[in-house]
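Accompanying notes for the structure given below.
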Amino acid sequence: MQRKILLNPGPATTSDSVKYAQVVPDICPREEDFGRVMREVKSGLLRIAGAGSDYSCVLFGGSGTAVMDSVLSSAVHGKLLVINNGNYGERFAQIARAYNLDFEELKFDISGEIDLARVEERLKKRDIGYVASVHHETTSGILNPVKEIGNLCQKHGCVNIVDTISSFAGVPFSVQDCNMDFMMSTSNKCIQALPGVAFVIARIAELNKLKDKPKRNYYLDLYAQHEFAERKETGQSLGTGQTRFTPPVQTIYALRQAILDLEQEGGVEARHERYTDNYYLLTAGLKRLGFKPTHPERMHSKISTTFFEPDNMKLDFQQLHDALYKKGFTIYPNRLGDKKVIRFANMGDLHPNDIRLFLANLEEVLQ
Ligand SMILES: *Cc1c(COP(=O)(O)O)cnc(C)c1O
């Protein structure tokens with residue numbers, strides 16, 4: 001298989017061990033053997049999130065947006081504040097609008113920093129019960145202050161909902177320390193598995209509060225999915241682990257392998273170090289070729305960085321993309337307000353030599 005290097009912000013480049021982990025004997029997901037795989041995956045994800053026994057992991061077949069949808073439609077039963085400084089904050093608002101939730105948006109400049117004083121000022125009015133924010137705003141590559149937002153939620157008694165879709169397993173944090181009640185992520189970003197599995201890590205006490213709440217969605221019902229997986233059949237102490245409906249069976253085997261790979265790499269801290277090294281290599285090379293970062297370095301996530309195109313670039317984005325794609329590299333267009341920019345993501349199973357190879361090919365194409 002030809003190795004492709006993906007610099008788009010997910011799905012990320014995967015290892016061969018993850019790809020081949022999908023090749024397993026056919027199995028019915030109602031078998032106890034598969035339930036065991038599910039339980040292994042869930043406990044691995046909980047470990048990565050730094051979650052104690054008061055948290056549970058709920059899995060769905062779907063992309064990341066499925067679990068954003070699941071949490072907002074299942075868990076919000078009061079006024080919601082959406083903190084929005086980019087496209088994914090905007091997505092929370094769109095989902096809230098689709099379900100006709102009682103919500104308010106606290107908007108910050110597209111890809112600007114979140115002003116915590118304004119967040120606190122809003123929470124002081126005491127009518128907000130739920131706060132939704134995005135950890136890594138992948139659009140701009142800005143890391144938002146989730147720990148501080150978590151503290152504010154605790155102080156003002158709000159349920160804290162966080163999209164950690166593109167930071168989970170790439171940026172060290174713990175759900176406990178950040179006071180997260182509902183956290184969501186997906187299989188195809190920094191965990192470096194294949195697309196198709198989305199998951200929520202939630203405080204069990206908060207999940208249990210949803211038991212008798214009105215349902216707004218059938219398939220993505222968070223409580224029902226949790227309750228189904230945790231129900232016990234004879235001889236099992238841990239619950240069946242199963243999903244209500246057919247899960248992406250083979251993708252879950254690949255996710256299990258990706259969790260093993262992460263542990264072998266040395267955990268999230270070690271992965272973050274590799275990503276950071278790749279980020280410095282990549283951004284230094286891009287700057288040398290005339291690309292200018294749209295934000296100051298202190299705001300960068302070190303996972304995805306947005307650049308203005310060089311002034312003297314003779315190709316348009318599509319031509320640049322096509323030339324690089326032919327050589328095995330995928331880049332991704334973006335817009336920041338009315339400015340054309342390029343996002344370069346260094347998440348995934350990428351190593352310094354991949355970055356050097358990309359930069360050499362980019363230079364050749366530009367010339
Ligand atoms: C990728 C991503 C999502 C989910 O996108 P899908 O296309 O549904 O997988 C949500 N939030 C953030 C911050 C993301 O980076």
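Chain labels follow the order of the structure tokens: the first chain is A, the next B, and so on; residue numbering restarts at 1 in every chain, and ligands are counted from 1 in their shown order.
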
task: Please provide the set of residues having any atom within 9 Å of Arg244 (chain A), restricted to only C-alpha atoms, with same-chain residues fewer than 5 positions apart removed, written as a PyMOL selection string.
output: chain A and resi 219+224-225+228-229

Mind dumping the selected residues with N, CA and C atoms as an mmCIF file, in the first residue's frame?
```
data_model
loop_
_atom_site.group_PDB
_atom_site.id
_atom_site.type_symbol
_atom_site.label_atom_id
_atom_site.label_comp_id
_atom_site.auth_asym_id
_atom_site.auth_seq_id
_atom_site.Cartn_x
_atom_site.Cartn_y
_atom_site.Cartn_z
ATOM 1 N N TYR A 219 -31.962 7.780 17.601
ATOM 2 C CA TYR A 219 -30.726 7.018 17.370
ATOM 3 C C TYR A 219 -29.595 7.486 18.291
ATOM 4 N N ALA A 224 -29.956 6.237 26.571
ATOM 5 C CA ALA A 224 -30.351 4.894 26.121
ATOM 6 C C ALA A 224 -29.121 4.083 25.702
ATOM 7 N N GLN A 225 -28.186 4.733 25.021
ATOM 8 C CA GLN A 225 -26.977 4.037 24.561
ATOM 9 C C GLN A 225 -26.114 3.609 25.758
ATOM 10 N N PHE A 228 -27.930 0.785 27.722
ATOM 11 C CA PHE A 228 -27.889 -0.491 26.987
ATOM 12 C C PHE A 228 -26.531 -1.174 27.170
ATOM 13 N N ALA A 229 -25.463 -0.390 27.079
ATOM 14 C CA ALA A 229 -24.111 -0.956 27.191
ATOM 15 C C ALA A 229 -23.824 -1.435 28.609
#
```

query: Where does DSSP see alpha helix (DSSP H) in region 40-200 of chain A, if you list the residues as a PyMOL selection string?
result: chain A and resi 40-48+64-75+87-98+116-123+146-155

task: Enumerate residues in contact with ligand 1: an atom-to-atom distance of at most 6 Å, counting only C-alpha atoms and all ligand atoms. Format the result as a PyMOL selection string.
output: chain A and resi 63-65+88+136-138+163+165-166

message: Taking only C-alpha atoms into account, name the residue in A:Tyr253, A:Gly10, A:Asp33, A:Glu363 that is nearest to Arg343 (chain A).
response: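 Smallest separation from Arg343 (chain A) among the options: A:Gly10.
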
Given only C-alpha atoms as the counted atoms, nearest of A:Arg30, A:Lys125, A:Lys213, A:Lys155 to Val76 (chain A): A:Lys213

field: Of the listed residues A:Ala75, A:Ala345, A:Val200, A:Val18, that which approaches Leu101 (chain A) most closely, counting only C-alpha atoms
entry: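 Under the stated criterion, the closest residue is A:Ala75.
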
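Closest approach to Gly129 (chain A) among A:Gly78, A:Gly141, A:Pro11, A:Pro29: A:Gly78, based on only C-alpha atoms.
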
- request: Write down as a list in words the residues of region 224-367 of chain A whose backbone DSSP state falls under strand (DSSP E).
  value: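 Output for region 224-367 of chain A, strand (DSSP E) only: Lys292, Pro293, Ser304, Thr305, Thr306, Phe307, Phe308, Phe329, Thr330, Tyr332, Pro333, Asn334, Arg335, Leu336, Lys339, Lys340, Val341, Ile342, Arg343, Phe344 and Ala345 of chain A.
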
Store the residues picked out above in a file with C-alpha atoms, as a short mmCIF file (atom, residue, chain, number, x, y, z; two decimals), in the first residue's frame.
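Saved to result-v4.cif:
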```
data_model
loop_
_atom_site.label_atom_id
_atom_site.label_comp_id
_atom_site.auth_asym_id
_atom_site.auth_seq_id
_atom_site.Cartn_x
_atom_site.Cartn_y
_atom_site.Cartn_z
CA LYS A 292 2.84 33.55 7.21
CA PRO A 293 0.93 32.20 10.23
CA SER A 304 -3.14 22.39 13.13
CA THR A 305 -1.84 25.77 12.00
CA THR A 306 -3.37 28.29 9.63
CA PHE A 307 -1.21 30.25 7.18
CA PHE A 308 -1.72 33.02 4.66
CA PHE A 329 0.47 14.69 0.07
CA THR A 330 -2.96 16.09 0.94
CA TYR A 332 -6.64 21.51 2.90
CA PRO A 333 -8.11 24.90 1.99
CA ASN A 334 -9.73 27.22 4.50
CA ARG A 335 -11.20 30.66 4.86
CA LEU A 336 -10.73 33.03 7.72
CA LYS A 339 -9.07 35.86 3.66
CA LYS A 340 -7.91 32.77 1.81
CA VAL A 341 -5.71 30.67 4.04
CA ILE A 342 -4.31 27.16 4.17
CA ARG A 343 -4.56 24.87 7.19
CA PHE A 344 -1.66 22.52 7.74
CA ALA A 345 -2.46 19.83 10.30
#
```

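Summary of the local environment: counting only C-alpha atoms, residues at most 7 Å from Ile331 (chain A), other than itself and those fewer than 5 positions away along its chain, are Leu6, Leu7, Asn8, His321 and Phe344 of chain A.
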
Using C-alpha atoms, can you write the selected residues to a file as a PDB file, in the first residue's frame?
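Output contents, as saved in part_33.pdb:
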```pdb
ATOM      1  CA  LEU A   6      -2.378  13.682   5.153  1.00  0.00           C
ATOM      2  CA  LEU A   7      -1.943  17.266   6.323  1.00  0.00           C
ATOM      3  CA  ASN A   8      -5.697  17.912   6.350  1.00  0.00           C
ATOM      4  CA  HIS A 321      -3.317  20.880  -4.020  1.00  0.00           C
ATOM      5  CA  PHE A 344      -1.662  22.518   7.741  1.00  0.00           C
TER       6      PHE A 344
END
```

task: Mind checking which residues fall within 10 Å of Ala254 (chain A), counting only C-alpha atoms, ignoring those fewer than 2 positions away in the same chain, and posting them as a PyMOL selection string?
output: chain A and resi 14+17-24+41+187+192-195+249-252+256-260

query: In Å, with one decimal, what is the gap from CA of Leu286 (chain A) to CA of Leu362 (chain A)?
result: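 Result for CA of Leu286 (chain A) versus CA of Leu362 (chain A): 9.0 Å, one decimal.
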
query: If you count only C-alpha atoms, which residues fall within 9 Å of Glu32 (chain A), apart from same-chain ones fewer than 6 positions away, as a list in words?
result: Thr240, Gly241 and Gln242 of chain A

What would the file look like if the residues just selected were written as a tab-separated table (two decimals), in the first residue's frame with C-alpha atoms?
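File produced: result_18.tsv:
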```
chain	number	residue	atom	x	y	z
A	240	THR	CA	-22.36	-6.11	27.86
A	241	GLY	CA	-20.54	-3.11	26.38
A	242	GLN	CA	-22.73	-3.38	23.30
```

message: Env of Asn179 (chain A): 8 Å cut, atoms = only C-alpha atoms, seq-sep filter 5 positions within chain, self excluded. Answer as a list of chain:residue names.
response: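 Once the nearby chain positions are removed, what remains is A:Lys147, A:Gly150, A:Asn151, A:Cys153, A:Gln154, A:Asn160.
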